[in-house]
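Below you'll find the structure, written out as structure tokens, and then a few comments.
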Amino acid sequence: MDEHDLTCQELVELVTEYLEGALSETQRKRFEEHLTNCHDCHNHFDQIRHTIRLVGRLAESHLSSGAKDDLLTLFRDWKKELPEQEEPES
Amino acid sequence: MLTIEDADIIQGLRRGDESVFVSLFDGYQNSLLRLAMMYTSDQQVAEEVVQETWLAVLKGIQRFEGRSALKTWIYSILINRAKTVAQREGRHNNLTLSLDEQPESNEPAVSVDRFHPDDDHPYPHHWLTGPNDWGELPEEKLLSDETQKVILTAIENLAPNQREVITLRDIEMVSSEEACNVLGISESNQRVLLHRARAKVRQALEMYLER
């Protein structure tokens, strides 16, 4: 493996491997060294982190679903067919 | 492999405890619906897939051996069903194919014209026009509904295998290992797909936020 410093174009392709902890110790050090010294790459890395955070917010968006009542009926039907219960319902 | 919490849920379901089922439903329904919507744009079809998934969970819970996390198991059932339905509908029928393909290795995360080309600069491959600092943007712009829509559209436009990975990892917060299990892909393949997906969403955000 060659020892040259990472270029910016190389660094942007390693961001996910860095975040996933998939870089070797040497690669990780070179990555962090570049990031400390390069304002532009630091901004890019920060944009990726913003992206991940904003994508994650989609989890809060609620899709309307009227399925709960149907599902409960289904559950109660299923329960009737269960093998014998350890303790009967009070 | 199973957490204590998972084990409690499984025991509860096996004895037919309705409150356990209700809390499981409340915790998962939204995620299941969102995952199903990756494979069909028809919400009614997605709801049916989710309903079938719940039925399969109930029917399978007695036999569930806990070799994967409960979440992984439920997601796997859903994704298998959603794929079957999508194929039957004739939509996304390239999905299975593209999953088996090696991800395109020549797709740069950032367009090549953002960098100094080879050799014509003392710092080849460094930024021509550097990225902006999004920390300077107003938080309400970043968190706006319109920004959310830009992200949603960008994810919808991804290749199906990239969309699957970013949805599981970055929206549903499934671990890397679990995502690989659910999708049946290798860790390295998954990383490439996640990398491409995040890069494209970042690009869409950049175009929107900095226009």
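Ordered as shown in the structure tokens, chains take letters A, B, and onward, while each chain numbers its residues from 1 and ligands are numbered from 1 in the order shown.
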
Which residues of chain A sit at most 8 Å from chain B, using only C-alpha atoms? Give each one's shortest atom pair and distance in Å (one decimal place), in chain and ascending residue order, as a tab-separated table.
```
residue	atom	partner	partner_atom	distance
A:Thr7	CA	B:His125	CA	5.8
A:Cys8	CA	B:His126	CA	4.9
A:Gln9	CA	B:His125	CA	5.4
A:Glu10	CA	B:His125	CA	7.9
A:Val12	CA	B:Ala109	CA	6.7
A:Glu13	CA	B:Ala109	CA	6.2
A:Val15	CA	B:His195	CA	7.8
A:Thr16	CA	B:His195	CA	5.5
A:Glu17	CA	B:Arg191	CA	6.9
A:Glu20	CA	B:Arg191	CA	7.9
A:Asp40	CA	B:Gly130	CA	5.0
A:Cys41	CA	B:Pro131	CA	7.7
A:Asn43	CA	B:Asp133	CA	5.4
A:His44	CA	B:Pro131	CA	5.7
A:Asp46	CA	B:Trp134	CA	7.6
A:Gln47	CA	B:Trp134	CA	6.4
A:Ile48	CA	B:Arg202	CA	6.4
A:His50	CA	B:Trp134	CA	7.8
A:Thr51	CA	B:Arg202	CA	5.7
A:Ile52	CA	B:Asp170	CA	6.4
A:Leu54	CA	B:Leu143	CA	7.4
A:Val55	CA	B:Ile171	CA	6.2
A:Gly56	CA	B:Ile171	CA	4.5
A:Arg57	CA	B:Ile171	CA	7.2
A:Leu58	CA	B:Ile171	CA	6.2
A:Ala59	CA	B:Ile171	CA	5.4
A:His62	CA	B:Asn30	CA	6.4
A:Leu63	CA	B:Asn30	CA	6.3
A:Ser65	CA	B:Glu47	CA	7.7
A:Ala67	CA	B:Glu47	CA	7.5
A:Lys68	CA	B:Phe25	CA	7.9
A:Leu71	CA	B:Gln51	CA	7.1
A:Leu72	CA	B:Val22	CA	8.0
A:Leu74	CA	B:Leu55	CA	7.6
A:Phe75	CA	B:Glu18	CA	7.7
A:Trp78	CA	B:Leu58	CA	7.4
A:Lys79	CA	B:Gly16	CA	5.6
A:Leu82	CA	B:Gly16	CA	7.6
A:Gln85	CA	B:Arg15	CA	6.7
A:Glu86	CA	B:Arg15	CA	7.8
```

inquiry  = For the structure I just gave you, how does DSSP split range 4-197 of chain B - specifically, which residues are helix (DSSP H, G or I)? Reply as number ranges by chain.
reply    = B: 4-14, 18-36, 43-60, 70-88, 95-100, 112-114, 134-136, 139-142, 145-156, 160-171, 176-183, 187-197

Near-Gln162 in chain B list (6 Å; only C-alpha atoms; drop same-chain fewer than 3 positions) as a ChimeraX atom specification = /B:159,165,193,197

Proximity to Glu139 in chain B - best of B:Leu209, B:Tyr39, B:Pro122, B:Gln190, only C-alpha atoms = B:Leu209

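Between CA of Cys180 in chain B and CA of Leu78 in chain B lies a distance of 15.1 Å.
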
request  = Would you work out the distance separating CA of Asn181 in chain B from CA of Thr72 in chain B, expressed in Å to one decimal?
outcome  = 7.6 Å

key: Option closest in space to Tyr208 in chain B, from B:Leu158, B:Leu168, B:Val150, B:Leu183 [counting only C-alpha atoms]   = B:Val150

message = Applying 8 Å and only C-alpha atoms, which residues near Val49 in chain B remain after dropping the ones on its own chain fewer than 6 positions away? List them as a ChimeraX atom specification.
response = /B:36,78,81-82,85

Export of the given selection (C-alpha atoms) as a PDB file, in the first residue's frame:
```
ATOM      1  CA  ALA B  36     -43.304  -1.946   2.730  1.00  0.00           C
ATOM      2  CA  LEU B  78     -42.008  -8.191   5.819  1.00  0.00           C
ATOM      3  CA  ARG B  81     -43.541 -10.590   1.445  1.00  0.00           C
ATOM      4  CA  ALA B  82     -43.229  -7.096   0.045  1.00  0.00           C
ATOM      5  CA  VAL B  85     -46.062  -8.727  -3.909  1.00  0.00           C
TER       6      VAL B  85
END
```
